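Just my_file-v2.txt here, compact mmCIF, N, CA and C atoms:
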```
# COMPACT_ATOMS: atom_id res chain seq x y z
N MET O 11 -11.03 25.35 -5.53
CA MET O 11 -10.84 24.68 -6.79
C MET O 11 -10.88 25.67 -7.95
N GLN O 12 -11.84 26.58 -7.94
CA GLN O 12 -11.97 27.56 -9.02
C GLN O 12 -10.72 28.43 -9.15
N ILE O 13 -10.13 28.79 -8.03
CA ILE O 13 -8.92 29.62 -8.09
C ILE O 13 -7.79 28.87 -8.78
N HIS O 14 -7.70 27.54 -8.57
CA HIS O 14 -6.67 26.75 -9.23
C HIS O 14 -6.91 26.68 -10.74
N ILE O 15 -8.16 26.57 -11.13
CA ILE O 15 -8.49 26.55 -12.55
C ILE O 15 -8.11 27.87 -13.20
N GLU O 16 -8.41 28.98 -12.55
CA GLU O 16 -8.07 30.30 -13.08
C GLU O 16 -6.55 30.48 -13.18
N THR O 17 -5.82 30.01 -12.16
CA THR O 17 -4.36 30.10 -12.18
C THR O 17 -3.81 29.31 -13.36
N SER O 18 -4.36 28.12 -13.59
CA SER O 18 -3.93 27.29 -14.71
C SER O 18 -4.20 27.99 -16.05
N ARG O 19 -5.36 28.56 -16.18
CA ARG O 19 -5.70 29.27 -17.43
C ARG O 19 -4.73 30.42 -17.68
N LYS O 20 -4.40 31.16 -16.63
CA LYS O 20 -3.47 32.29 -16.80
C LYS O 20 -2.08 31.79 -17.19
N SER O 21 -1.64 30.67 -16.60
CA SER O 21 -0.29 30.19 -16.90
C SER O 21 -0.19 29.67 -18.32
N MET O 22 -1.30 29.31 -18.94
CA MET O 22 -1.29 28.80 -20.31
C MET O 22 -1.90 29.79 -21.29
N SER O 23 -2.08 31.02 -20.88
CA SER O 23 -2.71 32.00 -21.77
C SER O 23 -1.79 32.34 -22.94
N GLY O 24 -2.41 32.71 -24.03
CA GLY O 24 -1.67 33.04 -25.24
C GLY O 24 -1.61 31.84 -26.16
N ALA O 25 -1.90 32.06 -27.42
CA ALA O 25 -1.95 30.96 -28.40
C ALA O 25 -0.61 30.26 -28.54
N ASP O 26 0.48 31.01 -28.56
CA ASP O 26 1.80 30.40 -28.71
C ASP O 26 2.14 29.54 -27.50
N THR O 27 1.87 30.06 -26.32
CA THR O 27 2.15 29.31 -25.10
C THR O 27 1.32 28.04 -25.06
N MET O 28 0.03 28.15 -25.38
CA MET O 28 -0.86 26.99 -25.36
C MET O 28 -0.40 25.95 -26.37
N ALA O 29 -0.07 26.37 -27.57
CA ALA O 29 0.38 25.43 -28.60
C ALA O 29 1.67 24.73 -28.18
N SER O 30 2.59 25.48 -27.60
CA SER O 30 3.85 24.91 -27.14
C SER O 30 3.62 23.91 -26.01
N MET O 31 2.78 24.29 -25.07
CA MET O 31 2.47 23.39 -23.94
C MET O 31 1.82 22.11 -24.43
N MET O 32 0.88 22.22 -25.36
CA MET O 32 0.18 21.04 -25.84
C MET O 32 1.10 20.14 -26.68
N ALA O 33 2.03 20.74 -27.41
CA ALA O 33 3.01 19.95 -28.15
C ALA O 33 3.91 19.18 -27.18
N GLU O 34 4.31 19.85 -26.13
CA GLU O 34 5.13 19.20 -25.09
C GLU O 34 4.36 18.05 -24.46
N LEU O 35 3.10 18.26 -24.15
CA LEU O 35 2.29 17.20 -23.54
C LEU O 35 2.17 16.01 -24.49
N LYS O 36 1.94 16.27 -25.76
CA LYS O 36 1.82 15.18 -26.73
C LYS O 36 3.11 14.37 -26.77
N ASP O 37 4.26 15.05 -26.76
CA ASP O 37 5.56 14.37 -26.77
C ASP O 37 5.73 13.50 -25.53
N ILE O 38 5.35 14.03 -24.38
CA ILE O 38 5.45 13.28 -23.12
C ILE O 38 4.54 12.06 -23.15
N GLU O 39 3.30 12.26 -23.54
CA GLU O 39 2.34 11.15 -23.57
C GLU O 39 2.78 10.07 -24.55
N GLU O 40 3.30 10.47 -25.69
CA GLU O 40 3.80 9.49 -26.66
C GLU O 40 5.00 8.73 -26.10
N GLY O 41 5.86 9.42 -25.38
CA GLY O 41 7.00 8.76 -24.75
C GLY O 41 6.57 7.73 -23.73
N LEU O 42 5.56 8.08 -22.93
CA LEU O 42 5.04 7.14 -21.94
C LEU O 42 4.31 5.99 -22.61
N ALA O 43 3.55 6.27 -23.65
CA ALA O 43 2.85 5.21 -24.37
C ALA O 43 3.85 4.24 -25.02
N GLU O 44 5.00 4.75 -25.41
CA GLU O 44 6.04 3.89 -25.98
C GLU O 44 6.52 2.88 -24.94
N GLY O 45 6.57 3.28 -23.68
CA GLY O 45 6.90 2.33 -22.61
C GLY O 45 5.91 1.19 -22.56
N LEU O 46 4.64 1.50 -22.68
CA LEU O 46 3.59 0.48 -22.72
C LEU O 46 3.79 -0.43 -23.94
N ARG O 47 4.02 0.17 -25.09
CA ARG O 47 4.20 -0.62 -26.33
C ARG O 47 5.40 -1.57 -26.23
N ARG O 48 6.41 -1.14 -25.51
CA ARG O 48 7.63 -1.96 -25.36
C ARG O 48 7.51 -3.00 -24.25
N GLY O 49 6.41 -2.95 -23.50
CA GLY O 49 6.20 -3.92 -22.44
C GLY O 49 6.83 -3.58 -21.11
N LEU O 50 7.26 -2.33 -20.96
CA LEU O 50 7.81 -1.90 -19.68
C LEU O 50 6.68 -1.84 -18.64
N PRO O 51 6.88 -2.39 -17.46
CA PRO O 51 5.84 -2.27 -16.43
C PRO O 51 5.67 -0.80 -16.04
N PRO O 52 4.45 -0.39 -15.71
CA PRO O 52 4.23 1.02 -15.37
C PRO O 52 4.97 1.47 -14.11
N GLN O 53 5.38 0.51 -13.28
CA GLN O 53 6.14 0.85 -12.06
C GLN O 53 7.63 0.96 -12.32
N ALA O 54 8.07 0.72 -13.53
CA ALA O 54 9.51 0.70 -13.85
C ALA O 54 10.13 2.08 -13.64
N THR O 55 11.25 2.10 -12.97
CA THR O 55 11.96 3.37 -12.75
C THR O 55 12.51 3.93 -14.06
N ALA O 56 12.59 3.10 -15.09
CA ALA O 56 13.04 3.59 -16.40
C ALA O 56 12.08 4.64 -16.95
N LEU O 57 10.84 4.64 -16.48
CA LEU O 57 9.86 5.65 -16.90
C LEU O 57 10.01 6.97 -16.14
N ASP O 58 10.78 6.97 -15.07
CA ASP O 58 10.87 8.16 -14.22
C ASP O 58 11.20 9.45 -14.96
N PRO O 59 12.16 9.46 -15.88
CA PRO O 59 12.44 10.73 -16.57
C PRO O 59 11.21 11.29 -17.31
N MET O 60 10.45 10.41 -17.94
CA MET O 60 9.27 10.86 -18.66
C MET O 60 8.15 11.24 -17.69
N ILE O 61 8.00 10.48 -16.62
CA ILE O 61 7.00 10.82 -15.59
C ILE O 61 7.36 12.16 -14.96
N GLU O 62 8.63 12.39 -14.70
CA GLU O 62 9.05 13.66 -14.11
C GLU O 62 8.80 14.82 -15.08
N ARG O 63 8.96 14.58 -16.37
CA ARG O 63 8.60 15.61 -17.37
C ARG O 63 7.10 15.88 -17.32
N HIS O 64 6.31 14.82 -17.19
CA HIS O 64 4.86 14.98 -17.11
C HIS O 64 4.49 15.77 -15.87
N ARG O 65 5.08 15.43 -14.73
CA ARG O 65 4.78 16.15 -13.49
C ARG O 65 5.18 17.62 -13.61
N ALA O 66 6.31 17.89 -14.23
CA ALA O 66 6.75 19.28 -14.43
C ALA O 66 5.78 20.01 -15.37
N TRP O 67 5.29 19.31 -16.39
CA TRP O 67 4.31 19.91 -17.30
C TRP O 67 3.03 20.25 -16.53
N VAL O 68 2.59 19.33 -15.69
CA VAL O 68 1.39 19.58 -14.87
C VAL O 68 1.61 20.81 -14.00
N ALA O 69 2.75 20.89 -13.34
CA ALA O 69 3.04 22.04 -12.48
C ALA O 69 3.01 23.34 -13.29
N ALA O 70 3.60 23.32 -14.47
CA ALA O 70 3.60 24.52 -15.31
C ALA O 70 2.18 24.89 -15.73
N SER O 71 1.38 23.89 -16.05
CA SER O 71 0.01 24.19 -16.48
C SER O 71 -0.83 24.67 -15.31
N TRP O 72 -0.53 24.19 -14.11
CA TRP O 72 -1.24 24.66 -12.91
C TRP O 72 -0.76 26.04 -12.48
N GLY O 73 0.46 26.38 -12.86
CA GLY O 73 1.03 27.64 -12.40
C GLY O 73 1.47 27.58 -10.94
N ARG O 74 1.74 26.36 -10.47
CA ARG O 74 2.20 26.16 -9.08
C ARG O 74 2.87 24.80 -9.00
N ASP O 75 3.47 24.52 -7.87
CA ASP O 75 4.16 23.26 -7.67
C ASP O 75 3.19 22.08 -7.74
N CYS O 76 3.72 20.93 -8.06
CA CYS O 76 2.94 19.68 -8.09
C CYS O 76 3.73 18.62 -7.32
N PRO O 77 3.62 18.66 -5.97
CA PRO O 77 4.35 17.67 -5.17
C PRO O 77 3.78 16.26 -5.38
N PRO O 78 4.51 15.23 -4.95
CA PRO O 78 4.07 13.85 -5.19
C PRO O 78 2.63 13.56 -4.77
N GLU O 79 2.20 14.07 -3.64
CA GLU O 79 0.83 13.77 -3.19
C GLU O 79 -0.21 14.41 -4.12
N ALA O 80 0.08 15.58 -4.64
CA ALA O 80 -0.83 16.22 -5.60
C ALA O 80 -0.83 15.46 -6.92
N TYR O 81 0.32 14.98 -7.31
CA TYR O 81 0.44 14.21 -8.56
C TYR O 81 -0.34 12.90 -8.45
N ALA O 82 -0.26 12.24 -7.30
CA ALA O 82 -1.04 11.02 -7.07
C ALA O 82 -2.53 11.35 -7.09
N GLY O 83 -2.91 12.50 -6.54
CA GLY O 83 -4.30 12.93 -6.58
C GLY O 83 -4.77 13.16 -8.01
N LEU O 84 -3.90 13.68 -8.85
CA LEU O 84 -4.25 13.87 -10.25
C LEU O 84 -4.49 12.51 -10.92
N ALA O 85 -3.68 11.52 -10.56
CA ALA O 85 -3.89 10.17 -11.09
C ALA O 85 -5.30 9.69 -10.75
N ASP O 86 -5.77 10.01 -9.55
CA ASP O 86 -7.14 9.65 -9.16
C ASP O 86 -8.16 10.31 -10.09
N ILE O 87 -7.92 11.56 -10.44
CA ILE O 87 -8.83 12.29 -11.33
C ILE O 87 -8.81 11.66 -12.73
N TYR O 88 -7.66 11.15 -13.14
CA TYR O 88 -7.53 10.53 -14.46
C TYR O 88 -8.36 9.24 -14.57
N GLU O 89 -8.90 8.76 -13.45
CA GLU O 89 -9.81 7.61 -13.49
C GLU O 89 -11.14 7.97 -14.16
N HIS O 90 -11.46 9.27 -14.21
CA HIS O 90 -12.72 9.73 -14.79
C HIS O 90 -12.82 9.28 -16.25
N GLU O 91 -14.02 8.93 -16.67
CA GLU O 91 -14.23 8.39 -18.02
C GLU O 91 -13.76 9.31 -19.14
N GLY O 92 -13.86 10.62 -18.96
CA GLY O 92 -13.41 11.54 -20.00
C GLY O 92 -11.90 11.46 -20.21
N PHE O 93 -11.16 11.40 -19.10
CA PHE O 93 -9.70 11.26 -19.21
C PHE O 93 -9.35 9.88 -19.76
N ARG O 94 -10.04 8.86 -19.24
CA ARG O 94 -9.75 7.49 -19.70
C ARG O 94 -9.92 7.38 -21.22
N ALA O 95 -10.98 7.93 -21.74
CA ALA O 95 -11.23 7.87 -23.19
C ALA O 95 -10.11 8.57 -23.96
N ARG O 96 -9.67 9.71 -23.45
CA ARG O 96 -8.59 10.45 -24.11
C ARG O 96 -7.31 9.62 -24.15
N TYR O 97 -6.96 8.99 -23.03
CA TYR O 97 -5.72 8.22 -22.98
C TYR O 97 -5.83 6.91 -23.75
N GLU O 98 -6.99 6.30 -23.77
CA GLU O 98 -7.17 5.07 -24.54
C GLU O 98 -7.06 5.35 -26.03
N ALA O 99 -7.39 6.57 -26.46
CA ALA O 99 -7.25 6.94 -27.87
C ALA O 99 -5.77 7.02 -28.27
N ILE O 100 -4.89 7.28 -27.32
CA ILE O 100 -3.45 7.32 -27.61
C ILE O 100 -2.94 5.91 -27.84
N GLU O 101 -3.35 4.99 -26.96
CA GLU O 101 -2.92 3.59 -27.05
C GLU O 101 -3.84 2.77 -26.15
N PRO O 102 -4.42 1.69 -26.65
CA PRO O 102 -5.26 0.86 -25.78
C PRO O 102 -4.48 0.40 -24.54
N GLY O 103 -5.08 0.58 -23.38
CA GLY O 103 -4.44 0.22 -22.12
C GLY O 103 -3.64 1.35 -21.50
N PHE O 104 -3.51 2.48 -22.23
CA PHE O 104 -2.67 3.58 -21.74
C PHE O 104 -3.24 4.28 -20.51
N ALA O 105 -4.55 4.34 -20.38
CA ALA O 105 -5.14 5.01 -19.22
C ALA O 105 -4.65 4.35 -17.93
N ASP O 106 -4.83 3.05 -17.81
CA ASP O 106 -4.39 2.35 -16.60
C ASP O 106 -2.88 2.42 -16.44
N TYR O 107 -2.18 2.34 -17.53
CA TYR O 107 -0.72 2.39 -17.51
C TYR O 107 -0.24 3.72 -16.94
N LEU O 108 -0.77 4.82 -17.46
CA LEU O 108 -0.37 6.14 -16.99
C LEU O 108 -0.73 6.35 -15.53
N ILE O 109 -1.94 5.99 -15.16
CA ILE O 109 -2.40 6.15 -13.78
C ILE O 109 -1.49 5.36 -12.83
N THR O 110 -1.20 4.13 -13.18
CA THR O 110 -0.33 3.30 -12.34
C THR O 110 1.08 3.87 -12.27
N ALA O 111 1.61 4.34 -13.40
CA ALA O 111 2.96 4.92 -13.43
C ALA O 111 3.03 6.17 -12.56
N MET O 112 2.01 7.02 -12.64
CA MET O 112 1.98 8.24 -11.83
C MET O 112 1.98 7.90 -10.34
N ARG O 113 1.13 6.96 -9.96
CA ARG O 113 1.03 6.58 -8.54
C ARG O 113 2.32 5.93 -8.05
N ALA O 114 2.93 5.09 -8.89
CA ALA O 114 4.19 4.43 -8.50
C ALA O 114 5.29 5.48 -8.29
N TRP O 115 5.38 6.44 -9.20
CA TRP O 115 6.39 7.49 -9.05
C TRP O 115 6.14 8.28 -7.77
N ALA O 116 4.89 8.65 -7.54
CA ALA O 116 4.55 9.46 -6.35
C ALA O 116 4.89 8.70 -5.07
N ARG O 117 4.64 7.39 -5.03
CA ARG O 117 5.00 6.59 -3.84
C ARG O 117 6.51 6.60 -3.62
N ARG O 118 7.27 6.47 -4.70
CA ARG O 118 8.74 6.47 -4.55
C ARG O 118 9.27 7.82 -4.09
N GLU O 119 8.60 8.89 -4.49
CA GLU O 119 9.08 10.23 -4.18
C GLU O 119 8.58 10.77 -2.84
N ALA O 120 7.55 10.16 -2.30
CA ALA O 120 6.94 10.67 -1.06
C ALA O 120 7.83 10.47 0.15
```
As structure tokens, please, write out the structure in this file.
Amino acid sequence: MQIHIETSRKSMSGADTMASMMAELKDIEEGLAEGLRRGLPPQATALDPMIERHRAWVAASWGRDCPPEAYAGLADIYEHEGFRARYEAIEPGFADYLITAMRAWARREA
């Protein structure tokens, strides 16, 4: 686990890189939250382009591939209260929405 954390830190090193990555993440999360606001079900394939952007962002931040099973595992980690609070601050209900969308995409891609 520690080696993965170090790899992620190296892939996001540098203030410009970190700022760019975080701006991209904010754009992705806002795009997904907009799906929730519009009433799209989290399992909707219409979310796939944004979910795929999120998965690609995760892979870039990890500095390695993020196959569907790893992405579903990340959704499990997002159940943690710290992540939930962060996502709920974006939009009420967004934590469950994102977690469900990630798992639905991973099931379709597996």
By how many Å are CA of Ala120 in chain O and CA of Asp106 in chain O apart?
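Between CA of Ala120 in chain O and CA of Asp106 in chain O the gap is 21.0 Å.
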Which residue of O:Ala114, O:Ile87, O:Ala69, O:Met60 approaches Glu39 in chain O most closely, using all atoms listed in the file
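Answer, going by the shortest atom-to-atom distance: O:Met60.
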Mind giving me the straight-line distance from CA of Trp115 in chain O to atom C of Glu62 in chain O in Å, one decimal?
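The value is 9.8 Å.
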Out of O:Lys36, O:His90, O:Arg113, O:Arg65, which residue has the shortest atom-to-atom distance to Gln53 in chain O when counting only N, CA and C atoms?
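The closest residue to Gln53 in chain O is O:Arg113.
Pairwise distance (atom C of Pro78 in chain O, CA of Arg47 in chain O) equals 25.9 Å.
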Who sits within 7 Å of Ile61 in chain O, only N, CA and C atoms, same chain under 5 positions skipped, as a VMD selection string:
chain O and resid 42 66 111 to 112
Go through range 28-107 of chain O and collect every residue that DSSP, computed from the backbone, puts in helix (DSSP H, G or I); the answer should be as a ChimeraX atom specification.
/O:28-47,55-72,78-87,91-100,104-107
For Ile109 in chain O, find every residue with an atom within 8 Å (counting all atoms listed in the file), except residues of its own chain fewer than 5 positions away, and show them as a ChimeraX atom specification.
/O:52,84-86,88-89,104,114-115
Pull the neighbourhood of (9.4, 4.3, -19.4) for me: all residues within 6.5 Å in file coordinates, counting all atoms listed in the file, as a PyMOL selection string.
chain O and resi 41-42+44-46+50+54-58+60
